[in-house]
>>> print(open('data.txt').read())   # compact mmCIF, C-alpha atoms
# COMPACT_ATOMS: atom_id res chain seq x y z
CA MET A 1 86.11 68.23 162.14
CA ARG A 2 87.17 65.80 159.44
CA SER A 3 88.71 62.44 160.18
CA ALA A 4 88.68 58.91 158.90
CA LEU A 5 87.14 55.87 160.51
CA SER A 6 89.95 53.92 162.14
CA GLY A 7 91.21 52.22 165.26
CA HIS A 8 94.01 53.32 167.57
CA SER A 9 95.56 52.74 170.96
CA GLN A 10 96.48 55.39 173.48
CA PRO A 11 99.96 55.49 175.02
CA GLY A 12 100.67 53.67 178.21
CA ASN A 13 98.53 50.79 177.11
CA GLY A 14 101.11 48.16 176.44
CA SER A 15 101.06 48.80 172.71
CA ASP A 16 104.33 48.83 170.76
CA ALA A 17 105.40 50.62 167.60
CA VAL A 18 106.85 48.61 164.71
CA ASN A 19 108.05 50.58 161.67
CA GLY A 20 105.84 53.49 162.77
CA THR A 21 102.72 51.34 163.02
CA ALA A 22 100.98 50.84 166.35
CA VAL A 23 100.63 47.20 167.34
CA ARG A 24 97.51 46.89 169.47
CA PHE A 25 96.21 44.28 171.80
CA VAL A 26 94.06 41.85 169.86
CA SER A 27 90.50 42.49 170.93
CA SER A 28 87.88 39.77 171.05
CA ALA A 29 85.38 39.46 168.23
CA GLU A 30 82.61 40.42 170.65
CA GLY A 31 84.48 43.54 171.79
CA THR A 32 85.18 44.63 168.23
CA ALA A 33 81.54 44.09 167.22
CA LEU A 34 80.38 46.06 170.26
CA ALA A 35 82.72 48.94 169.40
CA TYR A 36 81.65 49.13 165.75
CA GLY A 37 77.98 48.77 166.61
CA SER A 38 78.24 51.51 169.23
CA LEU A 39 79.96 53.86 166.78
CA LEU A 40 77.22 53.22 164.24
CA LEU A 41 74.50 53.92 166.80
CA MET A 42 76.24 57.07 168.07
CA ALA A 43 76.54 58.32 164.49
CA LEU A 44 72.85 57.74 163.77
CA LEU A 45 71.45 59.51 166.84
CA PRO A 46 72.66 63.07 166.07
CA ILE A 47 71.75 62.70 162.39
CA PHE A 48 68.19 61.55 163.11
CA PHE A 49 67.36 63.97 165.90
CA GLY A 50 69.42 66.82 164.46
CA ALA A 51 67.57 66.51 161.16
CA LEU A 52 64.20 66.61 162.94
CA LYS A 53 65.25 69.70 164.90
CA SER A 54 66.61 71.37 161.74
CA VAL A 55 63.11 71.85 160.36
CA GLY A 56 62.34 75.51 160.98
CA CYS A 57 65.71 76.17 162.59
CA SER A 58 68.00 79.12 161.85
CA LYS A 59 71.02 78.58 159.63
CA SER A 60 74.76 78.86 160.01
CA LYS A 61 77.84 78.34 157.88
CA VAL A 62 79.79 75.11 157.48
CA ASN A 63 83.38 75.21 158.68
CA SER A 64 86.36 72.86 158.82
CA LEU A 65 89.10 72.27 161.39
CA SER A 66 91.66 69.85 159.99
CA TYR A 67 93.80 72.22 157.89
CA GLY A 68 94.21 74.64 160.80
CA LEU A 69 95.21 71.86 163.17
CA CYS A 70 97.82 70.55 160.73
CA LYS A 71 99.35 74.04 160.35
CA LEU A 72 99.37 74.57 164.12
CA GLN A 73 101.07 71.22 164.58
CA SER A 74 103.94 72.31 162.34
CA ILE A 75 104.46 75.51 164.39
CA PHE A 76 103.72 74.60 168.01
CA SER A 77 104.28 71.47 170.03
CA GLN A 78 101.44 68.99 170.42
CA GLU A 79 101.21 69.63 174.19
CA TYR A 80 100.50 73.36 173.77
CA ILE A 81 97.96 72.72 171.03
CA ASN A 82 96.17 70.11 173.13
CA LEU A 83 96.00 72.56 176.05
CA LEU A 84 94.56 75.27 173.80
CA LEU A 85 92.06 72.86 172.27
CA SER A 86 91.03 71.61 175.71
CA MET A 87 90.12 75.12 176.83
CA TYR A 88 88.43 75.94 173.53
CA PHE A 89 86.32 72.80 173.47
CA PHE A 90 85.68 73.07 177.21
CA VAL A 91 83.69 76.26 176.60
CA LEU A 92 82.09 75.16 173.32
CA GLY A 93 81.31 71.72 174.71
CA ILE A 94 79.50 73.12 177.75
CA LEU A 95 77.37 75.37 175.55
CA ALA A 96 76.64 72.63 173.01
CA LEU A 97 75.78 70.02 175.64
CA SER A 98 73.63 72.49 177.53
CA HIS A 99 71.71 73.32 174.34
CA THR A 100 71.28 69.61 173.62
CA MET A 101 69.98 68.88 177.12
CA SER A 102 67.53 71.79 177.17
CA PRO A 103 64.51 70.05 175.51
CA PHE A 104 64.90 67.05 177.83
CA MET A 105 65.15 69.29 180.88
CA CYS A 106 61.92 71.05 179.89
CA ARG A 107 60.11 67.70 180.07
CA VAL A 108 61.51 66.47 183.38
CA PHE A 109 61.65 69.78 185.25
CA PRO A 110 59.23 69.55 188.24
CA ALA A 111 56.15 71.70 187.81
CA ASN A 112 56.15 72.70 191.50
CA VAL A 113 59.65 74.22 191.28
CA PRO A 114 59.62 77.90 190.30
CA ASN A 115 61.30 78.54 186.95
CA LYS A 116 62.83 81.98 187.44
CA GLN A 117 63.91 84.16 184.53
CA TYR A 118 67.38 85.77 184.33
CA GLN A 119 69.12 88.14 181.98
CA LEU A 120 72.83 88.57 181.29
CA LEU A 121 73.45 92.02 179.85
CA PHE A 122 76.75 93.66 178.85
CA THR A 123 76.73 97.15 177.38
CA GLN A 124 79.34 99.55 176.10
CA GLY A 125 79.25 103.32 176.48
CA SER A 126 76.63 105.42 178.21
CA GLY A 127 73.63 107.56 177.43
CA GLU A 128 72.56 107.63 173.78
CA SER A 129 75.82 106.01 172.67
CA LYS A 130 75.21 102.91 174.82
CA GLU A 131 75.12 99.71 172.78
CA GLU A 132 74.49 96.11 173.75
CA ILE A 133 77.34 93.64 173.45
CA VAL A 134 75.67 90.64 175.10
CA ASN A 135 71.99 90.28 175.90
CA TYR A 136 71.23 86.71 176.93
CA GLU A 137 68.00 85.62 178.61
CA PHE A 138 67.81 82.28 180.42
CA ASP A 139 65.89 80.55 183.19
CA THR A 140 66.37 78.04 186.00
CA LYS A 141 66.19 75.08 183.62
CA ASP A 142 68.98 76.55 181.52
CA LEU A 143 71.09 77.03 184.67
CA ILE A 144 70.65 73.38 185.64
CA CYS A 145 71.70 72.27 182.14
CA LEU A 146 74.71 74.58 182.33
CA VAL A 147 75.79 73.17 185.72
CA ILE A 148 75.51 69.56 184.52
CA SER A 149 77.38 70.39 181.31
CA SER A 150 80.10 72.16 183.33
CA VAL A 151 80.62 69.02 185.43
CA VAL A 152 81.09 67.02 182.22
CA GLY A 153 83.45 69.73 180.98
CA VAL A 154 85.64 69.59 184.08
CA TRP A 155 85.66 65.78 183.84
CA TYR A 156 86.80 66.01 180.23
CA VAL A 157 89.55 68.57 180.90
CA LEU A 158 90.96 66.69 183.89
CA LYS A 159 90.64 63.09 182.74
CA LYS A 160 90.15 63.19 178.95
CA HIS A 161 87.87 60.20 179.49
CA TRP A 162 86.34 58.71 176.37
CA ILE A 163 82.80 58.95 177.75
CA ALA A 164 83.16 62.69 178.37
CA ASN A 165 84.69 63.03 174.91
CA ASN A 166 81.69 61.28 173.39
CA LEU A 167 79.18 63.39 175.29
CA PHE A 168 80.76 66.54 173.88
CA GLY A 169 81.17 64.93 170.45
CA LEU A 170 77.53 63.90 170.26
CA ALA A 171 76.45 67.38 171.34
CA PHE A 172 78.64 68.99 168.65
CA ALA A 173 77.34 66.60 165.99
CA LEU A 174 73.68 67.08 166.91
CA ASN A 175 74.00 70.86 167.00
CA GLY A 176 75.91 70.78 163.73
CA VAL A 177 73.22 68.83 161.90
CA GLU A 178 70.54 71.04 163.44
CA LEU A 179 72.13 74.43 162.82
CA LEU A 180 74.25 74.03 159.66
CA HIS A 181 71.93 74.30 156.67
CA LEU A 182 72.43 73.67 152.96
CA ASN A 183 70.14 75.86 150.86
CA ASN A 184 69.59 73.42 147.97
CA VAL A 185 70.35 69.91 146.78
CA SER A 186 72.79 71.06 144.09
CA THR A 187 74.94 72.78 146.71
CA GLY A 188 74.79 69.66 148.84
CA CYS A 189 75.91 67.44 145.95
CA ILE A 190 78.80 69.79 145.15
CA LEU A 191 79.84 69.96 148.82
CA LEU A 192 79.72 66.20 149.32
CA GLY A 193 81.44 65.59 145.99
CA GLY A 194 84.28 67.96 146.87
CA LEU A 195 84.71 66.46 150.33
CA PHE A 196 84.60 63.00 148.77
CA VAL A 197 87.78 63.81 146.83
CA TYR A 198 89.23 65.70 149.81
CA ASP A 199 88.69 62.76 152.17
CA VAL A 200 90.07 60.12 149.81
CA PHE A 201 93.21 62.13 149.08
CA TRP A 202 94.05 63.06 152.66
CA VAL A 203 93.51 59.53 153.97
CA PHE A 204 95.03 57.43 151.17
CA GLY A 205 97.46 60.04 149.80
CA THR A 206 98.81 61.31 153.13
CA ASN A 207 98.65 60.53 156.83
CA VAL A 208 97.20 63.95 157.74
CA MET A 209 93.69 62.85 158.70
CA VAL A 210 94.75 59.90 160.80
CA THR A 211 97.51 61.98 162.44
CA VAL A 212 95.09 64.74 163.39
CA ALA A 213 92.56 62.28 164.75
CA LYS A 214 95.12 60.41 166.83
CA SER A 215 97.39 63.26 167.95
CA PHE A 216 95.00 65.92 169.21
CA GLU A 217 93.03 65.45 172.38
CA ALA A 218 89.81 67.16 171.39
CA PRO A 219 86.22 65.95 170.98
CA ILE A 220 86.44 66.09 167.17
CA LYS A 221 85.72 62.38 166.97
CA LEU A 222 83.61 59.67 168.59
CA VAL A 223 85.51 56.77 170.11
CA PHE A 224 84.59 53.43 171.59
CA PRO A 225 86.99 50.89 173.12
CA GLN A 226 87.31 47.53 171.42
CA ASP A 227 88.69 46.05 174.65
CA LEU A 228 85.82 47.27 176.84
CA LEU A 229 84.78 43.73 177.73
CA GLU A 230 88.30 42.88 178.90
CA LYS A 231 89.32 46.15 180.64
CA GLY A 232 86.06 47.90 181.45
CA LEU A 233 85.92 51.71 181.49
CA ASP A 234 89.74 51.90 181.58
CA ALA A 235 89.99 50.37 178.08
CA ARG A 236 92.34 52.13 175.64
CA ASN A 237 92.14 50.30 172.31
CA PHE A 238 89.72 52.60 170.48
CA ALA A 239 87.84 52.52 167.24
CA MET A 240 87.03 56.08 166.19
CA LEU A 241 84.84 58.04 163.79
CA GLY A 242 85.41 61.69 162.91
CA LEU A 243 82.55 64.12 163.52
CA GLY A 244 82.84 65.29 159.93
CA ASP A 245 81.74 61.84 158.79
CA ILE A 246 78.54 62.44 160.76
CA VAL A 247 77.84 66.14 160.31
CA ILE A 248 78.62 66.47 156.57
CA PRO A 249 76.28 63.69 155.41
CA GLY A 250 73.91 64.64 158.24
CA ILE A 251 73.26 68.17 156.96
CA PHE A 252 72.47 66.71 153.51
CA ILE A 253 70.07 64.19 155.05
CA ALA A 254 68.46 67.03 157.05
CA LEU A 255 68.04 68.99 153.81
CA LEU A 256 66.18 66.05 152.26
CA LEU A 257 63.90 65.95 155.30
CA ARG A 258 63.04 69.61 154.77
CA PHE A 259 62.47 68.83 151.09
CA ASP A 260 60.05 66.09 152.15
CA VAL A 261 58.22 68.63 154.31
CA SER A 262 58.02 71.08 151.39
CA LEU A 263 56.30 68.45 149.23
CA LYS A 264 53.37 68.47 151.70
CA LYS A 265 52.63 64.81 151.03
CA ASN A 266 52.82 63.81 154.71
CA THR A 267 55.67 61.38 153.90
CA ARG A 268 59.37 61.32 154.71
CA THR A 269 60.45 59.16 151.77
CA TYR A 270 63.71 60.87 150.89
CA PHE A 271 64.73 61.38 154.49
CA TYR A 272 64.33 57.71 155.36
CA THR A 273 65.97 56.65 152.09
CA SER A 274 69.06 58.77 152.75
CA PHE A 275 69.10 57.74 156.41
CA LEU A 276 69.10 54.05 155.46
CA ALA A 277 71.72 54.82 152.80
CA TYR A 278 73.93 56.32 155.53
CA ILE A 279 73.59 53.13 157.57
CA PHE A 280 74.57 51.10 154.51
CA GLY A 281 77.53 53.37 153.70
CA LEU A 282 78.91 53.46 157.23
CA GLY A 283 78.40 49.72 157.61
CA LEU A 284 80.35 49.18 154.39
CA THR A 285 83.10 51.46 155.69
CA ILE A 286 83.40 49.43 158.88
CA PHE A 287 83.44 46.17 156.92
CA VAL A 288 86.22 47.32 154.59
CA MET A 289 88.27 48.79 157.46
CA HIS A 290 87.96 45.61 159.50
CA THR A 291 88.79 43.43 156.50
CA PHE A 292 91.87 45.34 155.33
CA LYS A 293 92.98 46.63 158.78
CA HIS A 294 93.50 50.15 157.43
CA ALA A 295 91.89 53.51 158.20
CA GLN A 296 89.19 54.32 155.64
CA PRO A 297 87.87 57.65 154.30
CA ALA A 298 84.26 57.17 155.33
CA LEU A 299 82.99 59.67 152.75
CA LEU A 300 84.29 57.34 150.03
CA TYR A 301 81.35 55.09 150.89
CA LEU A 302 78.91 57.56 152.47
CA VAL A 303 78.74 60.11 149.64
CA PRO A 304 77.73 57.70 146.83
CA ALA A 305 75.18 56.08 149.14
CA CYS A 306 73.63 59.24 150.65
CA VAL A 307 73.47 61.06 147.30
CA GLY A 308 72.93 58.17 144.93
CA PHE A 309 69.99 56.41 146.55
CA PRO A 310 67.76 59.51 147.03
CA VAL A 311 68.55 60.80 143.53
CA LEU A 312 67.74 57.45 141.94
CA LEU A 313 64.51 57.28 143.93
CA ALA A 314 63.57 60.81 142.84
CA LEU A 315 64.29 59.84 139.22
CA PHE A 316 62.06 56.77 139.57
CA LYS A 317 59.23 58.75 141.22
CA GLY A 318 59.47 61.70 138.84
CA ASP A 319 60.54 64.16 141.58
CA LEU A 320 64.08 64.77 140.30
CA THR A 321 63.38 68.18 138.74
CA GLU A 322 61.46 69.33 141.79
CA MET A 323 64.22 68.06 144.08
CA PHE A 324 66.91 70.11 142.33
CA ARG A 325 64.65 73.16 142.10
CA TYR A 326 63.99 73.13 145.82
CA GLU A 327 65.78 75.98 147.55
CA GLU A 328 65.65 77.45 151.03
CA SER A 329 65.79 81.19 151.57
CA LEU A 330 68.28 82.69 153.98
CA PRO A 331 66.69 84.20 157.11
CA GLU A 332 67.51 87.72 155.90
CA GLU A 333 65.93 87.05 152.51
CA ALA A 334 62.84 85.56 154.09
CA SER A 335 62.35 88.51 156.41
CA SER A 336 62.83 91.00 153.57
CA LYS A 337 60.25 89.13 151.51
CA GLU A 338 57.82 89.31 154.41
CA GLU A 339 58.43 93.07 154.71
CA VAL A 340 57.79 93.53 151.01
CA THR A 341 54.58 91.50 151.27
CA GLU A 342 53.38 93.57 154.23
CA SER A 343 54.12 96.83 152.40
CA ASP A 344 52.24 95.57 149.35
CA LYS A 345 49.25 94.78 151.55
CA ASP A 346 49.34 98.28 153.06
CA LYS A 347 49.29 99.78 149.61
>>> encode(input="data.txt", output="C-alpha cells")
Amino acid sequence: MRSALSGHSQPGNGSDAVNGTAVRFVSSAEGTALAYGSLLLMALLPIFFGALKSVGCSKSKVNSLSYGLCKLQSIFSQEYINLLLSMYFFVLGILALSHTMSPFMCRVFPANVPNKQYQLLFTQGSGESKEEIVNYEFDTKDLICLVISSVVGVWYVLKKHWIANNLFGLAFALNGVELLHLNNVSTGCILLGGLFVYDVFWVFGTNVMVTVAKSFEAPIKLVFPQDLLEKGLDARNFAMLGLGDIVIPGIFIALLLRFDVSLKKNTRTYFYTSFLAYIFGLGLTIFVMHTFKHAQPALLYLVPACVGFPVLLALFKGDLTEMFRYEESLPEEASSKEEVTESDKDK
C-alpha cells in the first residue's frame, strides 16, 4: 500500500525511454495543476470522512503490501502477478466500495420500496457438531450496492480504467482510515517515524517504491491524468499518489479526532490542526516534486507536519501530557471490563 508521489506514463502513449527514464508528453500548466489539485482533493476526502466514521468503529490491524509485491516480482513474471492482483482486488474492491456506498444508499433508497432482509449461512458438520463458517445478514439496499460495485469491478478488470481504479482506491483508503485504529499517540508517533525512514530510504535509496507503483496494475494508488484537457478520458500521462500516503497519516489524524472527542470540550482542535497540516505537507510534496521533476517520499513531508503541528499545539495549550496518556482499549478489553463491572454490580 506504500508508494511515492510521482508522475508516469503508460505504454502505448507515445512516450519514449532514454537511459531508463520515461520521457513524457509535456502537459499544459492547467492540466498539471488540475491533476495535482485533484490528487490533493481525493486524498483529503477519505481522511476526513474516514476519520469521522472511525469514532466508535471497531478496530483492525495495519498491514503493508510493498515488500510482498517486490518479492513476487523477483519470482513470477509481471503479467501473472497483475492477473492475480486483478482478481484479488476485484473481490476486495467490490466489498470495500459496497461498504462505502451503504450509508449513501440508506439515504436515497425509496421509502415505498420494500427493503427485504436476507441471510447467507454456511455451516460445517451436522447435529451438535455443526458450526457456522459464514453467517452474513444483508438487505435489499446492500444488494443494490453490491450490484453497482460489481459493475465497477468488471469495468476495472476489463479496462483497467483510471476512474475505476480511483473508485476502488478511494474505497480502500476510506475503509482503511475508518477501520484501522491506533490505540495511542505514542504508537502513532513511532509508526509514522518508522515509516518516515522507510519511505525516504526506499524512494531515494532504491527504485523499489516507484517500480511497484508503476509496474503493478492494482488500485494501490490514486492517479489523475495531467493531459486530461488535451486527450480527455483516454489520457495516459498520470500523476499518482500511493494509498499508504493517505491511510498512514489518515489513521493518525483519526486518532486525534477521537482524542478530541475524549476531551469532551465540544471542539475538534487537534483534528482540524492535523488535517490542515496534512494539506500543507502534501502541498509541499507536490511543490518539491514538480520543481525537481523527481518522485518524492510523501511521508518525508507529511510526518513532520501531521505530528509536529498537533504536538506543538498541545504543548502550547497544556494538553501534551493528556494527549500522550490517552489510550483506546481493544474491543476485547472493553467487553471484559464491562463484564467485570456487571459482575461487581451483581455482588
>>> closest_residue(input="data.txt", among="A:Tyr272, A:Phe48, A:Tyr36, A:Tyr118", to="A:Leu174", atoms="all atoms listed in the file")
A:Phe48
>>> atom_distance(input="data.txt", atom1="atom CA of A:Ile47", atom2="atom CA of A:Leu180")
11.9 Å
>>> atom_distance(input="data.txt", atom1="atom CA of A:Phe309", atom2="atom CA of A:Thr269")
11.2 Å
>>> residues_around(input="data.txt", residues="A:Ala29", least_positions_apart="5", cutoff="10 Å", atoms="only C-alpha atoms", output="PDB file with C-alpha atoms, in the frame of the given file")
ATOM      1  CA  LEU A  34      80.380  46.060 170.260  1.00  0.00           C
ATOM      2  CA  ALA A  35      82.720  48.940 169.400  1.00  0.00           C
ATOM      3  CA  GLN A 226      87.310  47.530 171.420  1.00  0.00           C
ATOM      4  CA  ASP A 227      88.690  46.050 174.650  1.00  0.00           C
TER       5      ASP A 227
END
>>> residues_around(input="data.txt", residues="A:Val177", least_positions_apart="4", cutoff="6 Å", atoms="only C-alpha atoms", output="VMD selection string")
chain A and resid 50 247 250 to 251
>>> residues_around(input="data.txt", residues="stretch 94-107 of chain A", least_positions_apart="5", cutoff="7 Å", atoms="only C-alpha atoms", output="list in words")
Lys141, Asp142, Cys145, Leu146, Ser149, Ser150, Gly153, Phe168, Ala171, Phe172 and Asn175 of chain A
>>> atom_distance(input="data.txt", atom1="atom CA of A:Ala298", atom2="atom CA of A:Asp245")
6.3 Å
>>> residues_near_point(input="data.txt", point="(63.4, 64.9, 153.9)", cutoff="12 Å", atoms="only C-alpha atoms", output="ChimeraX atom specification")
/A:48,51-52,54-55,185,250-275,310,314,323,326
>>> write_last_selection(input="data.txt", atoms="C-alpha atoms", output="PDB file, in the frame of the given file")
ATOM      1  CA  PHE A  48      68.190  61.550 163.110  1.00  0.00           C
ATOM      2  CA  ALA A  51      67.570  66.510 161.160  1.00  0.00           C
ATOM      3  CA  LEU A  52      64.200  66.610 162.940  1.00  0.00           C
ATOM      4  CA  SER A  54      66.610  71.370 161.740  1.00  0.00           C
ATOM      5  CA  VAL A  55      63.110  71.850 160.360  1.00  0.00           C
ATOM      6  CA  VAL A 185      70.350  69.910 146.780  1.00  0.00           C
ATOM      7  CA  GLY A 250      73.910  64.640 158.240  1.00  0.00           C
ATOM      8  CA  ILE A 251      73.260  68.170 156.960  1.00  0.00           C
ATOM      9  CA  PHE A 252      72.470  66.710 153.510  1.00  0.00           C
ATOM     10  CA  ILE A 253      70.070  64.190 155.050  1.00  0.00           C
ATOM     11  CA  ALA A 254      68.460  67.030 157.050  1.00  0.00           C
ATOM     12  CA  LEU A 255      68.040  68.990 153.810  1.00  0.00           C
ATOM     13  CA  LEU A 256      66.180  66.050 152.260  1.00  0.00           C
ATOM     14  CA  LEU A 257      63.900  65.950 155.300  1.00  0.00           C
ATOM     15  CA  ARG A 258      63.040  69.610 154.770  1.00  0.00           C
ATOM     16  CA  PHE A 259      62.470  68.830 151.090  1.00  0.00           C
ATOM     17  CA  ASP A 260      60.050  66.090 152.150  1.00  0.00           C
ATOM     18  CA  VAL A 261      58.220  68.630 154.310  1.00  0.00           C
ATOM     19  CA  SER A 262      58.020  71.080 151.390  1.00  0.00           C
ATOM     20  CA  LEU A 263      56.300  68.450 149.230  1.00  0.00           C
ATOM     21  CA  LYS A 264      53.370  68.470 151.700  1.00  0.00           C
ATOM     22  CA  LYS A 265      52.630  64.810 151.030  1.00  0.00           C
ATOM     23  CA  ASN A 266      52.820  63.810 154.710  1.00  0.00           C
ATOM     24  CA  THR A 267      55.670  61.380 153.900  1.00  0.00           C
ATOM     25  CA  ARG A 268      59.370  61.320 154.710  1.00  0.00           C
ATOM     26  CA  THR A 269      60.450  59.160 151.770  1.00  0.00           C
ATOM     27  CA  TYR A 270      63.710  60.870 150.890  1.00  0.00           C
ATOM     28  CA  PHE A 271      64.730  61.380 154.490  1.00  0.00           C
ATOM     29  CA  TYR A 272      64.330  57.710 155.360  1.00  0.00           C
ATOM     30  CA  THR A 273      65.970  56.650 152.090  1.00  0.00           C
ATOM     31  CA  SER A 274      69.060  58.770 152.750  1.00  0.00           C
ATOM     32  CA  PHE A 275      69.100  57.740 156.410  1.00  0.00           C
ATOM     33  CA  PRO A 310      67.760  59.510 147.030  1.00  0.00           C
ATOM     34  CA  ALA A 314      63.570  60.810 142.840  1.00  0.00           C
ATOM     35  CA  MET A 323      64.220  68.060 144.080  1.00  0.00           C
ATOM     36  CA  TYR A 326      63.990  73.130 145.820  1.00  0.00           C
TER      37      TYR A 326
END
>>> closest_residue(input="data.txt", among="A:Leu302, A:Leu143, A:Val307, A:Glu30", to="A:Ile190", atoms="only C-alpha atoms")
A:Val307
